[in-house]
$ cat structure-v9.txt   # compact mmCIF, C-alpha atoms
# COMPACT_ATOMS: atom_id res chain seq x y z
CA MET A 938 87.01 -51.71 31.03
CA ASP A 939 88.20 -49.43 28.28
CA THR A 940 88.43 -51.41 25.03
CA ALA A 941 89.21 -48.41 22.78
CA PRO A 942 92.46 -48.82 20.85
CA GLU A 943 95.33 -46.44 21.48
CA ALA A 944 94.99 -43.06 19.75
CA ASP A 945 97.80 -43.92 17.34
CA SER A 946 96.52 -47.44 16.56
CA PRO A 947 96.27 -48.18 12.82
CA PHE A 948 92.96 -49.96 13.53
CA LEU A 949 89.69 -48.03 13.80
CA SER A 950 87.49 -48.52 16.83
CA ALA A 951 83.85 -49.48 16.30
CA GLU A 952 82.95 -45.88 17.16
CA GLN A 953 85.47 -44.48 14.68
CA LYS A 954 84.14 -46.81 12.00
CA ARG A 955 80.59 -45.67 12.67
CA THR A 956 81.64 -42.03 12.51
CA ALA A 957 83.53 -42.57 9.26
CA ARG A 958 80.57 -44.38 7.76
CA GLU A 959 78.19 -41.58 8.78
CA ALA A 960 80.52 -38.95 7.32
CA LYS A 961 80.66 -40.80 4.00
CA ARG A 962 76.90 -41.25 3.92
CA ALA A 963 76.41 -37.55 4.67
CA ALA A 964 78.85 -36.53 1.93
CA VAL A 965 77.01 -38.65 -0.64
CA LEU A 966 73.64 -37.21 0.41
CA ARG A 967 74.90 -33.64 0.27
CA ALA A 968 76.38 -34.14 -3.22
CA ALA A 969 73.20 -35.88 -4.41
CA VAL A 970 70.75 -33.33 -3.04
CA GLN A 971 72.67 -30.43 -4.54
CA MET A 972 72.74 -32.12 -7.93
CA PHE A 973 69.03 -33.03 -7.75
CA ASN A 974 68.20 -29.41 -6.90
CA ARG A 975 70.37 -27.95 -9.63
CA ARG A 976 69.70 -30.35 -12.51
CA GLY A 977 66.45 -32.02 -11.48
CA PHE A 978 66.08 -35.57 -10.18
CA HIS A 979 65.38 -37.13 -13.58
CA GLN A 980 68.33 -35.38 -15.17
CA THR A 981 70.76 -36.62 -12.50
CA SER A 982 72.35 -40.07 -12.53
CA LEU A 983 74.06 -41.69 -9.57
CA ASP A 984 77.10 -41.99 -11.85
CA ASP A 985 77.26 -38.17 -11.91
CA VAL A 986 76.90 -37.99 -8.14
CA ALA A 987 79.60 -40.65 -7.68
CA ALA A 988 81.94 -38.91 -10.14
CA SER A 989 81.58 -35.60 -8.28
CA LEU A 990 82.92 -37.36 -5.16
CA GLY A 991 85.57 -39.41 -6.95
CA ILE A 992 83.84 -42.66 -5.96
CA SER A 993 81.99 -45.38 -7.88
CA LYS A 994 78.25 -45.95 -8.16
CA PRO A 995 78.46 -49.26 -6.22
CA THR A 996 79.88 -47.26 -3.32
CA ILE A 997 76.69 -45.17 -3.30
CA TYR A 998 74.60 -48.35 -3.45
CA HIS A 999 76.60 -49.61 -0.47
CA TYR A 1000 75.96 -46.55 1.69
CA LEU A 1001 72.47 -45.57 0.58
CA GLY A 1002 70.90 -47.79 -2.05
CA ASN A 1003 69.46 -46.94 -5.45
CA LYS A 1004 68.51 -43.51 -6.79
CA ASP A 1005 64.96 -43.70 -5.43
CA GLN A 1006 66.33 -44.52 -1.98
CA VAL A 1007 68.81 -41.65 -2.19
CA LEU A 1008 66.01 -39.22 -3.06
CA LEU A 1009 63.80 -40.59 -0.29
CA GLU A 1010 66.64 -40.15 2.20
CA CYS A 1011 67.10 -36.53 1.05
CA VAL A 1012 63.43 -35.61 1.49
CA VAL A 1013 63.26 -37.48 4.81
CA ILE A 1014 66.13 -35.33 6.10
CA GLY A 1015 64.39 -32.12 4.94
CA LEU A 1016 61.05 -33.16 6.40
CA GLY A 1017 62.80 -34.24 9.62
CA GLN A 1018 64.18 -30.72 9.98
CA LEU A 1019 60.64 -29.33 9.69
CA ILE A 1020 59.28 -31.83 12.20
CA ASP A 1021 62.05 -31.02 14.71
CA LEU A 1022 61.32 -27.33 14.16
CA ALA A 1023 57.64 -27.77 15.02
CA GLU A 1024 58.55 -29.67 18.19
CA HIS A 1025 60.90 -26.88 19.21
CA CYS A 1026 58.42 -24.09 18.43
CA ARG A 1027 55.66 -25.69 20.48
CA THR A 1028 57.84 -25.14 23.58
CA LEU A 1029 58.36 -21.41 22.96
CA PRO A 1030 56.82 -18.81 25.28
CA GLY A 1031 54.42 -16.08 24.11
CA SER A 1032 51.17 -16.18 22.18
CA GLY A 1033 50.02 -18.53 19.44
CA ALA A 1034 50.94 -15.83 16.93
CA ASP A 1035 54.48 -15.61 18.35
CA ARG A 1036 54.93 -19.36 17.97
CA LEU A 1037 53.46 -19.33 14.44
CA ILE A 1038 55.80 -16.52 13.37
CA ALA A 1039 58.84 -18.32 14.81
CA TYR A 1040 57.77 -21.51 13.06
CA LEU A 1041 57.05 -19.89 9.69
CA THR A 1042 60.27 -17.91 9.59
CA ARG A 1043 62.49 -20.92 10.18
CA TYR A 1044 60.24 -23.08 7.96
CA ALA A 1045 60.94 -20.70 5.07
CA GLU A 1046 64.68 -20.79 5.74
CA ILE A 1047 64.74 -24.60 5.80
CA ASN A 1048 62.95 -24.63 2.44
CA MET A 1049 65.84 -22.59 1.01
CA ASP A 1050 68.40 -25.11 2.42
CA ASP A 1051 69.56 -28.08 0.37
CA PHE A 1052 67.30 -30.74 1.87
CA GLY A 1053 64.24 -28.57 2.40
CA ARG A 1054 64.55 -27.30 -1.17
CA CYS A 1055 64.58 -30.91 -2.35
CA VAL A 1056 61.35 -31.63 -0.44
CA ILE A 1057 59.57 -28.83 -2.31
CA ARG A 1058 61.07 -29.63 -5.69
CA THR A 1059 60.21 -33.32 -5.47
CA ALA A 1060 56.94 -34.28 -7.11
CA GLU A 1061 55.42 -37.31 -5.42
CA GLU A 1062 55.25 -39.11 -8.76
CA ALA A 1063 59.06 -39.09 -8.95
CA LEU A 1064 59.28 -41.58 -6.09
CA ALA A 1065 58.62 -45.30 -6.26
CA PRO A 1066 55.26 -46.29 -4.70
CA GLU A 1067 56.63 -47.35 -1.28
CA SER A 1068 58.86 -44.30 -0.96
CA ARG A 1069 55.96 -42.13 -2.09
CA ALA A 1070 53.79 -43.44 0.73
CA ARG A 1071 56.45 -42.51 3.29
CA PHE A 1072 56.94 -39.06 1.67
CA ARG A 1073 53.19 -38.40 1.79
CA HIS A 1074 52.94 -39.58 5.37
CA LEU A 1075 55.67 -37.17 6.51
CA LYS A 1076 54.24 -34.28 4.48
CA ARG A 1077 50.87 -34.83 6.11
CA ARG A 1078 52.60 -34.49 9.46
CA ILE A 1079 54.05 -31.11 8.38
CA ASP A 1080 50.56 -30.01 7.27
CA ALA A 1081 49.20 -31.05 10.65
CA ASP A 1082 51.95 -29.12 12.48
CA MET A 1083 51.25 -25.98 10.44
CA ARG A 1084 47.49 -26.26 11.06
CA GLY A 1085 48.13 -26.84 14.76
CA PHE A 1086 50.01 -23.55 15.14
CA ILE A 1087 47.30 -21.70 13.22
CA ALA A 1088 44.43 -23.23 15.17
CA ALA A 1089 46.15 -22.47 18.49
CA GLY A 1090 46.68 -18.83 17.51
CA MET A 1091 43.08 -18.45 16.36
CA ALA A 1092 41.94 -20.05 19.62
CA ASP A 1093 43.91 -17.65 21.86
CA GLY A 1094 42.86 -14.65 19.72
CA SER A 1095 46.38 -13.71 18.67
CA LEU A 1096 45.58 -14.59 15.03
CA ALA A 1097 42.71 -13.30 12.92
CA PRO A 1098 39.86 -15.82 12.75
CA GLY A 1099 39.62 -17.80 9.52
CA ASP A 1100 39.70 -21.13 7.75
CA VAL A 1101 42.59 -23.09 9.29
CA LYS A 1102 43.13 -25.38 6.30
CA LEU A 1103 43.07 -22.61 3.68
CA THR A 1104 45.32 -20.40 5.82
CA ALA A 1105 47.81 -23.25 6.16
CA PHE A 1106 47.86 -23.80 2.40
CA ALA A 1107 48.30 -20.08 1.70
CA LEU A 1108 51.17 -19.76 4.18
CA ALA A 1109 52.84 -22.98 3.06
CA GLY A 1110 52.56 -22.02 -0.61
CA ALA A 1111 54.09 -18.59 -0.09
CA LEU A 1112 56.93 -20.06 1.99
CA ASN A 1113 57.55 -23.14 -0.15
CA TRP A 1114 57.83 -21.14 -3.35
CA PRO A 1115 61.32 -19.70 -2.64
CA ALA A 1116 62.61 -23.25 -3.29
CA ARG A 1117 61.72 -22.47 -6.92
CA TRP A 1118 62.82 -18.84 -7.26
CA GLN A 1119 65.42 -18.09 -4.61
CA ASN A 1120 68.97 -18.40 -5.95
CA PRO A 1121 71.30 -20.04 -3.41
CA GLU A 1122 74.12 -17.96 -4.90
CA GLY A 1123 71.96 -14.80 -4.99
CA GLU A 1124 72.49 -11.60 -3.07
CA ASP A 1125 69.45 -11.85 -0.75
CA ALA A 1126 70.11 -13.91 2.38
CA PRO A 1127 67.53 -16.60 3.17
CA ASP A 1128 66.91 -15.28 6.69
CA ALA A 1129 66.07 -11.81 5.36
CA ILE A 1130 63.78 -13.24 2.67
CA ALA A 1131 62.07 -15.45 5.25
CA ARG A 1132 61.51 -12.56 7.67
CA LYS A 1133 60.08 -10.27 4.97
CA LEU A 1134 57.77 -12.95 3.58
CA VAL A 1135 56.36 -13.75 7.03
CA GLU A 1136 55.91 -10.04 7.76
CA PHE A 1137 53.93 -9.63 4.53
CA LEU A 1138 51.80 -12.68 5.32
CA GLY A 1139 51.03 -11.22 8.73
CA HIS A 1140 49.68 -7.98 7.31
CA GLY A 1141 48.52 -8.69 3.78
CA PHE A 1142 48.33 -6.24 0.93
CA THR A 1143 45.41 -4.15 2.22
CA PRO A 1144 46.50 -0.90 3.91
CA ARG A 1145 45.76 -0.75 7.65
CA ALA A 1146 43.60 2.19 8.64
CA MET B 1368 33.15 -15.68 -55.40
CA ASP B 1369 32.08 -18.34 -52.91
CA THR B 1370 34.34 -21.37 -53.35
CA ALA B 1371 33.00 -23.31 -50.36
CA PRO B 1372 31.69 -26.75 -51.34
CA GLU B 1373 28.03 -27.63 -50.82
CA ALA B 1374 27.11 -28.48 -47.22
CA ASP B 1375 26.60 -32.14 -48.12
CA SER B 1376 29.80 -32.43 -50.16
CA PRO B 1377 31.96 -35.42 -49.15
CA PHE B 1378 35.02 -33.14 -49.53
CA LEU B 1379 36.13 -30.86 -46.71
CA SER B 1380 36.69 -27.18 -47.42
CA ALA B 1381 40.04 -25.66 -46.44
CA GLU B 1382 38.28 -24.06 -43.48
CA GLN B 1383 36.73 -27.36 -42.39
CA LYS B 1384 40.11 -29.06 -42.66
CA ARG B 1385 41.69 -26.38 -40.51
CA THR B 1386 38.95 -26.72 -37.92
CA ALA B 1387 39.26 -30.51 -37.86
CA ARG B 1388 43.02 -30.25 -37.51
CA GLU B 1389 42.68 -27.78 -34.64
CA ALA B 1390 40.15 -30.01 -32.88
CA LYS B 1391 42.50 -33.00 -33.13
CA ARG B 1392 45.44 -30.99 -31.88
CA ALA B 1393 43.37 -29.70 -28.96
CA ALA B 1394 42.20 -33.22 -28.06
CA VAL B 1395 45.79 -34.50 -27.98
CA LEU B 1396 46.92 -31.57 -25.83
CA ARG B 1397 44.05 -32.03 -23.38
CA ALA B 1398 44.76 -35.77 -23.02
CA ALA B 1399 48.49 -35.12 -22.64
CA VAL B 1400 48.21 -32.33 -20.08
CA GLN B 1401 45.83 -34.32 -17.92
CA MET B 1402 48.15 -37.33 -17.97
CA PHE B 1403 51.23 -35.16 -17.23
CA ASN B 1404 49.40 -33.62 -14.27
CA ARG B 1405 48.18 -36.92 -12.91
CA ARG B 1406 51.24 -39.14 -13.43
CA GLY B 1407 54.03 -36.63 -13.84
CA PHE B 1408 55.79 -35.75 -17.10
CA HIS B 1409 58.60 -38.28 -16.71
CA GLN B 1410 56.18 -41.08 -15.89
CA THR B 1411 54.04 -40.40 -18.99
CA SER B 1412 54.89 -41.70 -22.45
CA LEU B 1413 53.35 -40.43 -25.67
CA ASP B 1414 52.33 -44.05 -26.27
CA ASP B 1415 50.07 -43.79 -23.19
CA VAL B 1416 48.64 -40.48 -24.41
CA ALA B 1417 48.04 -41.93 -27.88
CA ALA B 1418 46.44 -45.08 -26.46
CA SER B 1419 44.02 -42.99 -24.34
CA LEU B 1420 42.77 -41.40 -27.59
CA GLY B 1421 42.83 -44.59 -29.66
CA ILE B 1422 45.47 -43.15 -31.98
CA SER B 1423 49.14 -43.93 -32.65
CA LYS B 1424 52.22 -42.11 -31.44
CA PRO B 1425 53.15 -41.01 -35.00
CA THR B 1426 49.78 -39.22 -35.12
CA ILE B 1427 50.85 -37.18 -32.09
CA TYR B 1428 54.20 -36.45 -33.75
CA HIS B 1429 52.26 -35.29 -36.80
CA TYR B 1430 50.04 -32.86 -34.90
CA LEU B 1431 52.43 -31.67 -32.21
CA GLY B 1432 55.91 -33.15 -32.33
CA ASN B 1433 57.87 -35.01 -29.66
CA LYS B 1434 57.15 -35.20 -25.94
CA ASP B 1435 59.20 -32.10 -25.16
CA GLN B 1436 57.25 -30.14 -27.76
CA VAL B 1437 53.95 -31.41 -26.39
CA LEU B 1438 54.91 -30.28 -22.89
CA LEU B 1439 56.10 -26.91 -24.19
CA GLU B 1440 52.78 -26.45 -26.00
CA CYS B 1441 50.88 -27.26 -22.79
CA VAL B 1442 52.77 -24.71 -20.69
CA VAL B 1443 52.56 -22.10 -23.46
CA ILE B 1444 48.76 -22.44 -23.41
CA GLY B 1445 48.67 -22.05 -19.61
CA LEU B 1446 51.00 -19.07 -19.65
CA GLY B 1447 49.02 -17.56 -22.53
CA GLN B 1448 45.89 -17.66 -20.38
CA LEU B 1449 47.73 -15.76 -17.65
CA ILE B 1450 49.07 -13.19 -20.13
CA ASP B 1451 45.59 -12.63 -21.62
CA LEU B 1452 44.23 -12.28 -18.09
CA ALA B 1453 46.73 -9.53 -17.25
CA GLU B 1454 45.83 -7.66 -20.45
CA HIS B 1455 42.17 -7.86 -19.56
CA CYS B 1456 42.66 -6.81 -15.94
CA ARG B 1457 44.67 -3.73 -16.89
CA THR B 1458 41.52 -2.38 -18.59
CA LEU B 1459 39.28 -2.79 -15.51
CA PRO B 1460 37.92 0.27 -13.67
CA GLY B 1461 38.56 0.97 -9.98
CA SER B 1462 41.72 1.22 -7.91
CA GLY B 1463 45.01 -0.61 -8.26
CA ALA B 1464 43.87 -2.92 -5.45
CA ASP B 1465 40.65 -3.73 -7.33
CA ARG B 1466 42.63 -4.71 -10.41
CA LEU B 1467 45.12 -6.75 -8.38
CA ILE B 1468 42.33 -8.66 -6.64
CA ALA B 1469 40.60 -9.40 -9.96
CA TYR B 1470 43.90 -10.54 -11.42
CA LEU B 1471 44.91 -12.71 -8.45
CA THR B 1472 41.54 -14.42 -8.15
CA ARG B 1473 41.45 -15.51 -11.76
CA TYR B 1474 45.19 -16.27 -11.70
CA ALA B 1475 44.56 -18.78 -8.90
CA GLU B 1476 41.68 -20.36 -10.82
CA ILE B 1477 43.77 -20.76 -13.97
CA ASN B 1478 46.46 -22.49 -11.91
CA MET B 1479 43.88 -25.08 -10.90
CA ASP B 1480 42.90 -25.65 -14.57
CA ASP B 1481 44.63 -28.31 -16.65
CA PHE B 1482 47.10 -26.08 -18.49
CA GLY B 1483 47.83 -23.67 -15.63
CA ARG B 1484 48.37 -26.63 -13.32
CA CYS B 1485 50.89 -28.00 -15.80
CA VAL B 1486 52.80 -24.68 -15.78
CA ILE B 1487 53.24 -24.89 -12.03
CA ARG B 1488 54.05 -28.58 -11.94
CA THR B 1489 56.68 -28.30 -14.68
CA ALA B 1490 60.22 -27.90 -13.44
CA GLU B 1491 62.32 -25.97 -15.94
CA GLU B 1492 64.87 -28.80 -16.00
CA ALA B 1493 62.24 -31.12 -17.51
CA LEU B 1494 62.29 -29.17 -20.77
CA ALA B 1495 64.95 -29.32 -23.48
CA PRO B 1496 67.23 -26.24 -23.47
CA GLU B 1497 65.43 -24.36 -26.27
CA SER B 1498 61.98 -25.02 -24.85
CA ARG B 1499 63.27 -24.08 -21.42
CA ALA B 1500 64.37 -20.68 -22.71
CA ARG B 1501 60.88 -19.99 -24.07
CA PHE B 1502 59.25 -21.23 -20.84
CA ARG B 1503 61.48 -18.93 -18.77
CA HIS B 1504 60.83 -16.00 -21.05
CA LEU B 1505 57.05 -16.35 -20.68
CA LYS B 1506 57.27 -16.90 -16.92
CA ARG B 1507 59.28 -13.70 -16.62
CA ARG B 1508 56.45 -11.93 -18.40
CA ILE B 1509 53.95 -13.26 -15.81
CA ASP B 1510 56.26 -12.07 -13.02
CA ALA B 1511 56.41 -8.65 -14.64
CA ASP B 1512 52.60 -8.51 -14.94
CA MET B 1513 52.16 -9.44 -11.27
CA ARG B 1514 54.71 -6.85 -10.18
CA GLY B 1515 53.04 -4.24 -12.39
CA PHE B 1516 49.68 -4.66 -10.64
CA ILE B 1517 51.34 -4.49 -7.23
CA ALA B 1518 53.43 -1.43 -8.06
CA ALA B 1519 50.38 0.40 -9.48
CA GLY B 1520 48.35 -0.33 -6.34
CA MET B 1521 51.14 0.81 -4.06
CA ALA B 1522 51.51 3.96 -6.17
CA ASP B 1523 47.80 4.92 -5.93
CA GLY B 1524 47.75 4.07 -2.20
CA SER B 1525 45.16 1.32 -2.49
CA LEU B 1526 47.76 -1.28 -1.43
CA ALA B 1527 49.94 -1.24 1.66
CA PRO B 1528 53.46 -0.04 0.86
CA GLY B 1529 56.12 -2.74 0.64
CA ASP B 1530 58.70 -4.57 -1.41
CA VAL B 1531 57.11 -5.18 -4.83
CA LYS B 1532 59.28 -8.15 -5.74
CA LEU B 1533 58.86 -9.96 -2.41
CA THR B 1534 55.12 -9.27 -2.41
CA ALA B 1535 54.83 -10.70 -5.91
CA PHE B 1536 56.69 -13.85 -4.89
CA ALA B 1537 54.56 -14.30 -1.77
CA LEU B 1538 51.29 -13.88 -3.70
CA ALA B 1539 52.42 -16.07 -6.58
CA GLY B 1540 53.61 -18.80 -4.21
CA ALA B 1541 50.37 -18.89 -2.27
CA LEU B 1542 48.32 -18.95 -5.49
CA ASN B 1543 50.54 -21.38 -7.40
CA TRP B 1544 50.54 -23.95 -4.62
CA PRO B 1545 46.96 -25.19 -5.19
CA ALA B 1546 48.35 -26.83 -8.36
CA ARG B 1547 50.06 -29.22 -5.91
CA TRP B 1548 47.36 -29.72 -3.29
CA GLN B 1549 43.97 -28.97 -4.83
CA ASN B 1550 42.20 -32.10 -6.01
CA PRO B 1551 40.43 -31.52 -9.35
CA GLU B 1552 37.88 -34.12 -8.24
CA GLY B 1553 37.63 -32.63 -4.72
CA GLU B 1554 34.63 -31.02 -3.09
CA ASP B 1555 35.94 -27.43 -2.94
CA ALA B 1556 35.31 -25.46 -6.14
CA PRO B 1557 38.35 -23.65 -7.58
CA ASP B 1558 36.56 -20.28 -7.63
CA ALA B 1559 35.73 -20.52 -3.92
CA ILE B 1560 39.29 -21.57 -3.07
CA ALA B 1561 40.68 -18.72 -5.18
CA ARG B 1562 38.42 -16.13 -3.54
CA LYS B 1563 39.27 -17.27 0.00
CA LEU B 1564 43.01 -17.40 -0.66
CA VAL B 1565 43.02 -13.86 -2.09
CA GLU B 1566 40.92 -12.62 0.84
CA PHE B 1567 43.44 -14.09 3.27
CA LEU B 1568 46.36 -12.55 1.37
CA GLY B 1569 44.63 -9.19 1.54
CA HIS B 1570 44.36 -9.23 5.30
CA GLY B 1571 47.06 -11.55 6.61
CA PHE B 1572 47.00 -13.52 9.82
CA THR B 1573 47.32 -10.59 12.23
CA PRO B 1574 43.99 -9.49 13.75
CA ARG B 1575 42.88 -6.00 12.71
CA ALA B 1576 42.33 -3.64 15.63
$ encode --input "structure-v9.txt" --output "structure tokens"
Amino acid sequence: MDTAPEADSPFLSAEQKRTAREAKRAAVLRAAVQMFNRRGFHQTSLDDVAASLGISKPTIYHYLGNKDQVLLECVVIGLGQLIDLAEHCRTLPGSGADRLIAYLTRYAEINMDDFGRCVIRTAEEALAPESRARFRHLKRRIDADMRGFIAAGMADGSLAPGDVKLTAFALAGALNWPARWQNPEGEDAPDAIARKLVEFLGHGFTPRA
Amino acid sequence: MDTAPEADSPFLSAEQKRTAREAKRAAVLRAAVQMFNRRGFHQTSLDDVAASLGISKPTIYHYLGNKDQVLLECVVIGLGQLIDLAEHCRTLPGSGADRLIAYLTRYAEINMDDFGRCVIRTAEEALAPESRARFRHLKRRIDADMRGFIAAGMADGSLAPGDVKLTAFALAGALNWPARWQNPEGEDAPDAIARKLVEFLGHGFTPRA
């Protein structure tokens, strides 16, 4: 029972329509997130985003909703990448330190990507109250993931003992900050920056004997 | 030739007028910076700031100017504290590492204070182009100070060798981030947080043999 239209049919199948819709939604989100990152959320209007795609603002409303909803969708994508990353890293072999290093390195890279960068650059106050609650909820999950890797590594002795919460904040801060200083058009590749930052955080600034 | 009026004169001396003016300016800046930090710059109006002091918006214009100028003044104060700190720390005795640790610890504390917090929470895009240029210029000076302490410590061997620029970004990120997570009304004192963060950054997460 194959109900798909012929390949050369002028009518789109339900599947083709869904794919086209997803592609349009993704294009709007990509244009929006890049403009938010470059100009700042408050300095960007959906008219500008629409114009950059040659579409109208009502088309954006149709696919995504208002500006707050577009921003929420952008940060949800970035935070989703970090959540998927944590799930993946928990399955890796090796010690707690190995898993933490794998997590941190990719975490830093995601924060230099469009959507991860938007997560870091978005102040909670910029979102409407309901969106803010969802943003906070997801960020707490990222905090919990980060603390989980640290606690596991301290427990198996592969990490130096210490304050899990403070360590998580120090690592997150150092690896979130590139969203503010790293130039996406710059000469240093995000993966190299990520690797060097994590290496520094592993050893600190005190010389080893 | 003492031209100061009698102590019980109903007329203010030039010096008293200057002092009163400075006190009013400082009160407006303190109210504004706290509201910017709590609500976000874009969510704060000068009407709200004025109302919290029982004054009118034109009074704020009189003492400080428009909202952009008020924000610029707030970040200039915060950055000025960091610049003064660097000047002080360069005169301290001990090794390069000693001076870096003194600098970093106080740097972290300032970033949890009202004006330092505002520096970190302010995205460059929020400022008008001219103000933004001044903000960037001062931030570059802070970067240069941080790199100077690191380079000096690496040169005298009291710090582990490494990439000065990357190290500066990692340290700054870890010590700027409390402006986003530390709760001014929370239970952990800024000086204790600062000390623990710097200690972690000195040793990293890898256990020492």
$ residues_around --input "structure-v9.txt" --residues "B:Ala1475" --least-positions-apart "2" --cutoff "12 Å" --atoms "only C-alpha atoms" --output "compact mmCIF listing (two decimals) with C-alpha atoms, keeping the file's coordinate frame"
# COMPACT_ATOMS: atom_id res chain seq x y z
CA ALA A 1107 48.30 -20.08 1.70
CA GLY A 1110 52.56 -22.02 -0.61
CA GLY B 1445 48.67 -22.05 -19.61
CA GLN B 1448 45.89 -17.66 -20.38
CA LEU B 1449 47.73 -15.76 -17.65
CA LEU B 1452 44.23 -12.28 -18.09
CA ILE B 1468 42.33 -8.66 -6.64
CA ALA B 1469 40.60 -9.40 -9.96
CA TYR B 1470 43.90 -10.54 -11.42
CA LEU B 1471 44.91 -12.71 -8.45
CA THR B 1472 41.54 -14.42 -8.15
CA ARG B 1473 41.45 -15.51 -11.76
CA ILE B 1477 43.77 -20.76 -13.97
CA ASN B 1478 46.46 -22.49 -11.91
CA MET B 1479 43.88 -25.08 -10.90
CA ASP B 1480 42.90 -25.65 -14.57
CA GLY B 1483 47.83 -23.67 -15.63
CA ARG B 1484 48.37 -26.63 -13.32
CA ILE B 1487 53.24 -24.89 -12.03
CA LEU B 1538 51.29 -13.88 -3.70
CA ALA B 1539 52.42 -16.07 -6.58
CA GLY B 1540 53.61 -18.80 -4.21
CA ALA B 1541 50.37 -18.89 -2.27
CA LEU B 1542 48.32 -18.95 -5.49
CA ASN B 1543 50.54 -21.38 -7.40
CA TRP B 1544 50.54 -23.95 -4.62
CA PRO B 1545 46.96 -25.19 -5.19
CA ALA B 1546 48.35 -26.83 -8.36
CA GLN B 1549 43.97 -28.97 -4.83
CA ALA B 1556 35.31 -25.46 -6.14
CA PRO B 1557 38.35 -23.65 -7.58
CA ASP B 1558 36.56 -20.28 -7.63
CA ALA B 1559 35.73 -20.52 -3.92
CA ILE B 1560 39.29 -21.57 -3.07
CA ALA B 1561 40.68 -18.72 -5.18
CA ARG B 1562 38.42 -16.13 -3.54
CA LYS B 1563 39.27 -17.27 0.00
CA LEU B 1564 43.01 -17.40 -0.66
CA VAL B 1565 43.02 -13.86 -2.09
$ residues_around --input "structure-v9.txt" --residues "A:Leu1075" --least-positions-apart "2" --cutoff "9 Å" --atoms "only C-alpha atoms" --output "PyMOL selection string"
chain A and resi 1013+1016-1017+1020+1070-1073+1077-1080
$ atom_distance --input "structure-v9.txt" --atom1 "atom CA of B:Leu1568" --atom2 "atom CA of B:Ala1518"
16.2 Å
$ atom_distance --input "structure-v9.txt" --atom1 "atom CA of A:Leu1001" --atom2 "atom CA of A:Glu1024"
27.5 Å
$ closest_residue --input "structure-v9.txt" --among "B:Ser1376, B:Ala1464, B:Arg1547, B:Glu1552" --to "B:Pro1528" --atoms "all atoms listed in the file"
B:Ala1464
$ closest_residue --input "structure-v9.txt" --among "B:Val1486, B:Asn1404, B:Leu1420, B:Phe1378" --to "B:Ile1444" --atoms "all atoms listed in the file"
B:Val1486
$ residues_around --input "structure-v9.txt" --residues "A:Ala987" --least-positions-apart "4" --cutoff "12 Å" --atoms "only C-alpha atoms" --output "list in words"
Lys961, Arg962, Ala964, Val965, Leu966, Arg967, Ala968, Ala969, Met972, Thr981, Ser982, Leu983, Gly991, Ile992, Ser993, Lys994, Pro995, Thr996, Ile997, Tyr998, His999, Tyr1000, Leu1001 and Lys1004 of chain A
$ write_last_selection --input "structure-v9.txt" --atoms "C-alpha atoms" --output "mmCIF file, in the frame of the given file"
data_model
loop_
_atom_site.group_PDB
_atom_site.id
_atom_site.type_symbol
_atom_site.label_atom_id
_atom_site.label_comp_id
_atom_site.auth_asym_id
_atom_site.auth_seq_id
_atom_site.Cartn_x
_atom_site.Cartn_y
_atom_site.Cartn_z
ATOM 1 C CA LYS A 961 80.660 -40.800 4.000
ATOM 2 C CA ARG A 962 76.900 -41.250 3.920
ATOM 3 C CA ALA A 964 78.850 -36.530 1.930
ATOM 4 C CA VAL A 965 77.010 -38.650 -0.640
ATOM 5 C CA LEU A 966 73.640 -37.210 0.410
ATOM 6 C CA ARG A 967 74.900 -33.640 0.270
ATOM 7 C CA ALA A 968 76.380 -34.140 -3.220
ATOM 8 C CA ALA A 969 73.200 -35.880 -4.410
ATOM 9 C CA MET A 972 72.740 -32.120 -7.930
ATOM 10 C CA THR A 981 70.760 -36.620 -12.500
ATOM 11 C CA SER A 982 72.350 -40.070 -12.530
ATOM 12 C CA LEU A 983 74.060 -41.690 -9.570
ATOM 13 C CA GLY A 991 85.570 -39.410 -6.950
ATOM 14 C CA ILE A 992 83.840 -42.660 -5.960
ATOM 15 C CA SER A 993 81.990 -45.380 -7.880
ATOM 16 C CA LYS A 994 78.250 -45.950 -8.160
ATOM 17 C CA PRO A 995 78.460 -49.260 -6.220
ATOM 18 C CA THR A 996 79.880 -47.260 -3.320
ATOM 19 C CA ILE A 997 76.690 -45.170 -3.300
ATOM 20 C CA TYR A 998 74.600 -48.350 -3.450
ATOM 21 C CA HIS A 999 76.600 -49.610 -0.470
ATOM 22 C CA TYR A 1000 75.960 -46.550 1.690
ATOM 23 C CA LEU A 1001 72.470 -45.570 0.580
ATOM 24 C CA LYS A 1004 68.510 -43.510 -6.790
#
$ closest_residue --input "structure-v9.txt" --among "B:Thr1534, B:Gln1401, B:Gln1383, B:Thr1458" --to "chain A" --atoms "only C-alpha atoms"
B:Thr1534
$ residues_around --input "structure-v9.txt" --residues "stretch 1142-1145 of chain A" --least-positions-apart "6" --cutoff "12 Å" --atoms "all atoms listed in the file" --output "ChimeraX atom specification"
/A:1134,1136 /B:1463-1465,1467-1468,1471,1516-1518,1520-1521,1523-1531,1533-1535,1537-1538,1565-1576
$ atom_distance --input "structure-v9.txt" --atom1 "atom CA of B:Gly1553" --atom2 "atom CA of A:Phe1106"
15.3 Å
$ closest_residue --input "structure-v9.txt" --among "A:Arg1036, A:Arg1058, A:Arg1027, A:His1074" --to "chain B" --atoms "only C-alpha atoms"
A:Arg1058
$ closest_residue --input "structure-v9.txt" --among "A:Ala951, A:Ala1065, A:Val1007, A:Cys1055" --to "B:Arg1406" --atoms "only C-alpha atoms"
A:Ala1065
$ closest_residue --input "structure-v9.txt" --among "A:Val1012, A:Ala1023, A:Ala1060, A:Leu949" --to "chain B" --atoms "only C-alpha atoms"
A:Ala1060
